[in-house]
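J.: Mind looking over this structure? Questions follow.
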Amino acid sequence: MKQFDGKVLYAAIIIASIVPVLFILSSSIKEKQSLTEIWLVNYTKNVPENQSLIFVVGLKNDVPKNYTLDFFFDDLQVGSLNVALNGLKYYEVEVQQVYSGKHILRVNAYDESSGPFGSKDNPYYLNFHVDVK
Amino acid sequence: MMKTIDVGLLILLVIFIAGAFIRLYPTILYDKPLKYDSYYHARVAELVKTTGSTPSEEPWPEGGRPHFYPPLYHVSLAAISSISGSSVLDVIKFFLPIISAILILAVFWLAYSYRNMNTALLTVFLVAFNPFILNASYDSPELIGLLLLCFSVFLLLKERPYLAGIFLGVGLLFNIFFAVITFTAISVFLIYKKKYSVVPKFAAIPAVAALLWYLPKLGDLQHLDFSIGPNFVAQSLTPWMLFLTPAIVVSILILIVLVKFAPKVNIREKLDDYRSFWTVWVIFFTFMFFTFVLTPIFYPWRMLLYLSLGFSFLLADVLVNTKFKHKLIAPIFIAFFIIVSVATSTFLVTSNTLRPPLDDNEYLMLSWIESQVPKGSTILADNVVCSNIQTLTNKTCLLDINFESIPNKQSWQDFQNFFASLDVTRSDTYNLFRKYSIDYIIFASKYTNRTNTELFADKVYASWVCDSGGKNCLRDAAAYRFNG
């Protein structure tokens with residue numbers, strides 16, 4: 001009967017200790033990603049009937065990217081912008097002569113070439129409620 | 001003899017450097033601490049640093065919640081932060097990985113104290129590249145407990161139970177779970193060896209430590225809860241435990257066969273408590289792991305850390321100190337376990353499994369919360385996002401990570417159910433907003449069950465992350481403000 005040979009153990013351990021270090025060092029460093037954010041800057045929640053409604057959104061990203069912004073008052077599109085975004089920008093939309101009732105404002109941000117999220121069929125968006133009296 | 005030791009120490013140095021590297025690499029890669037528990041510990045350590053004492057209560061929207069977590073980890077973080085001038089968040093990134101690297105040396109010392117160089121080197125290798133120990137090297141002071149355990153086991157096997165108890169007692173003041181489960185395993189070993197009188201001697205110092213910490217908190221013990229956390233965590237971890245079960249069963253069976261039937265060499269009977277100890281340890285933690293089949297109440301997923309540590313000690317001992325009928329059997333076994341250890345630990349480090357708990361766009365959202373959400377607002381997010389909000393933005397949030405202290409179980413469960421269920425109705429959502437006066441609900445990217453929230457809340461913020469080409473983007477993280 002044989003006892004385990006230490007030389008084999010030493011060789012295996014040295015190789016096995018060095019391999020993961022080399023593998024990690026040669027593997028790609030964390031992949032660069034692009035980040036984008038959109039937020040509601042300002043809007044009036046309660047609006048008198050037949051007045052104009054202005055709402056402002058901020059859009060910011062860290063690498064240049066093209067977006068389309070579509071603005072809606074309920075189902076009615078009230079604005080559309082094609083933006084080449086590089087950094088921070090604010091976008092303002094005016095909805096004229098709003099009629100009474102509870103309404104939803106919505107802004108969609110999308111890029112035709114994106115997917116599965118951020119495309120025209122599945123856009124990023126904000127939405128908020130207004131009460132027109 | 002000297003030559004063997006010199007070569008052995010050189011190989012130990014190689015293992016230590018490689019083990020330290022794979023522990024520190026993930027934490028250097030990111031600017032934030034890895035793993036979600038780190039954010040809870042950082043918050044408490046910051047409190048200790050700011051106030052100069054361990055808090056009796058943690059800040060909480062519903063009037064504070066009792067602080068049960070043993071003090072030494074947070075005190076250590078606060079002290080190192082104060083002395084070094086580094087932030088607590090920076091200290092917590094490196095503290096446990098460094099402890100985990102030191103553990104490699106302590107394991108070598110323990111194994112070499114009771115066996116030979118080959119056994120010690122194989123043990124230390126299996127620990128250095130142990131995926132469960134690697135995975136636990138970033139967020140749990142149980143790692144400090146494992147380091148102290150090496151000294152405790154050394155002294156226990158030298159029949160110095162009081163001194164062994166001191167190390168367990170100190171470990172208790174770092175992490176209570178470590179102390180309770182380790183004490184239980186060691187007691188089983190002592191009872192198995194019929195050393196009944198050693199149990200109370202070993203228990204004396206840990207018992208005093210437990211009394212000193214918990215006696216002043218007796219009045220708050222009704223808030224101590226061990227049901228919500230395990231059930232919550234088990235929902236995500238049970239599939240992993242099932243996945244690991246076949247590998248664990250096969251590994252343990254092989255080990256038992258070797259321990260039981262293979263003839264030993266190089267082991268003086270007088271010192272053979274070493275193998276008995278690790279055999280009992282492995283059997284105990286295998287049993288405790290499989291309690292997940294019945295209940296998650298014993299935190300079965302945490303047993304893998306202890307099981308894999310004992311497995312490393314026992315496997316190395318058996319493989320090196322056994323006479324095999326064929327000379328290739330031991331090398332084949334060793335090669336197999338080395339390949340598995342290296343492959344799994346390399347996968348862990350390179351696959352981004354070890355990373356901060358939130359994605360970059362979610363951390364971007366936290367910056368928005370910091371600057372745009374008014375202080376004093378009532379914010380609801382899931383446990384992980386809430387914990388990050390409280391640590392990184394100085395705002396309060398209705399959930400948290402530390403599941404063992406829950407002052408209002410009903411609200412805690414209401415909030416967790418809201419995020420866990422895909423069937424939350426419109427009225428459920430509305431009632432949740434009104435009942436708890438919630439101003440903001442924050443969704444991490446992974447949540448799809450947001451639609452009913454939009455009926456009562458304005459979606460005022462969204463952030464998303466795309467690959468470098470900008471084509472493949474993920475679902476947005478979003479903030480909703482109640483408009484009722």
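We label chains A, B, ... in the order they appear in the structure tokens, count residues from 1 in each chain, and number ligands from 1 in the order shown.
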Please report as an mmCIF file with C-alpha atoms, in the first residue's frame which residues of chain B come no farther than 8 Å from chain A, using only C-alpha atoms.
T.:
data_model
loop_
_atom_site.group_PDB
_atom_site.id
_atom_site.type_symbol
_atom_site.label_atom_id
_atom_site.label_comp_id
_atom_site.auth_asym_id
_atom_site.auth_seq_id
_atom_site.Cartn_x
_atom_site.Cartn_y
_atom_site.Cartn_z
ATOM 1 C CA ILE B 11 4.236 26.858 -1.008
ATOM 2 C CA VAL B 14 2.204 31.036 -2.820
ATOM 3 C CA ILE B 15 -1.207 29.880 -1.549
ATOM 4 C CA ALA B 18 -3.025 33.776 -4.438
ATOM 5 C CA GLY B 19 -5.797 33.422 -1.818
ATOM 6 C CA PHE B 21 -5.453 38.201 -4.298
ATOM 7 C CA ILE B 22 -8.725 36.487 -5.199
ATOM 8 C CA LEU B 29 -12.923 46.416 -8.637
ATOM 9 C CA ASN B 118 1.497 17.915 3.485
ATOM 10 C CA LEU B 122 -3.626 20.652 1.364
ATOM 11 C CA PHE B 125 -5.253 25.187 -0.155
ATOM 12 C CA LEU B 319 -6.181 11.983 1.762
ATOM 13 C CA VAL B 320 -2.687 12.641 3.025
ATOM 14 C CA ASN B 321 -2.668 10.300 6.008
ATOM 15 C CA THR B 322 -4.208 7.187 4.503
ATOM 16 C CA LYS B 323 -2.615 4.097 3.001
ATOM 17 C CA PHE B 324 -4.295 3.524 -0.340
ATOM 18 C CA LYS B 325 -4.106 0.201 -2.161
ATOM 19 C CA HIS B 326 -3.213 1.956 -5.371
ATOM 20 C CA LYS B 327 -0.772 4.843 -5.382
ATOM 21 C CA ALA B 330 -4.987 9.840 -3.502
ATOM 22 C CA PRO B 331 -3.579 12.023 -6.320
ATOM 23 C CA ILE B 334 -6.688 15.539 -4.649
ATOM 24 C CA ALA B 335 -6.632 16.599 -8.302
ATOM 25 C CA ILE B 338 -8.288 21.040 -6.465
ATOM 26 C CA ILE B 339 -9.929 21.429 -9.866
ATOM 27 C CA VAL B 342 -10.112 26.487 -8.302
ATOM 28 C CA ALA B 343 -12.850 26.412 -10.930
ATOM 29 C CA THR B 346 -12.441 31.578 -10.134
ATOM 30 C CA VAL B 349 -14.609 36.152 -8.694
ATOM 31 C CA THR B 350 -14.912 36.656 -12.453
ATOM 32 C CA ASP B 360 -25.219 51.272 -11.220
ATOM 33 C CA ASN B 361 -28.528 52.814 -12.299
ATOM 34 C CA ALA B 457 -48.634 57.766 -7.686
ATOM 35 C CA ASP B 458 -46.673 59.864 -10.143
ATOM 36 C CA LYS B 459 -43.681 58.171 -11.680
ATOM 37 C CA VAL B 460 -41.234 60.988 -11.127
ATOM 38 C CA TYR B 461 -37.907 59.318 -11.793
ATOM 39 C CA ALA B 462 -36.436 56.507 -13.904
ATOM 40 C CA SER B 463 -32.866 55.436 -14.574
ATOM 41 C CA TRP B 464 -31.521 52.606 -16.652
ATOM 42 C CA VAL B 465 -28.302 50.996 -17.716
ATOM 43 C CA CYS B 466 -27.261 49.883 -21.208
ATOM 44 C CA ASP B 467 -24.244 48.021 -22.482
ATOM 45 C CA SER B 468 -21.363 50.039 -23.909
ATOM 46 C CA GLY B 470 -26.160 51.416 -25.951
ATOM 47 C CA LYS B 471 -28.268 48.711 -27.580
ATOM 48 C CA ASN B 472 -29.061 46.267 -24.830
ATOM 49 C CA CYS B 473 -30.705 48.100 -21.993
ATOM 50 C CA LEU B 474 -32.285 46.791 -18.807
ATOM 51 C CA ARG B 475 -35.582 47.698 -17.134
ATOM 52 C CA ASP B 476 -35.462 51.014 -15.328
ATOM 53 C CA ASN B 483 -50.473 61.850 -5.423
#
J.: Using DSSP secondary structure from the backbone, list all strand (DSSP E) positions within segment 41-116 of chain A, as a PyMOL selection string.
T.: chain A and resi 41-43+46-47+53-61+65-73+76-85+88-95+101-110+115-116
J.: Could you give me, as a ChimeraX atom specification, the residues within 8 Å of Pro33 of chain B, counting only C-alpha atoms and dropping anything in the same chain fewer than 2 positions from it?
T.: /B:27,30-31,35,38-39,89-90,92-93,138,355-356
J.: Quick one: pull the distance between atom CA of Leu432 of chain B and atom CA of Asn417 of chain B, Å, one decimal.
T.: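 Distance between the two atoms: 10.8 Å.
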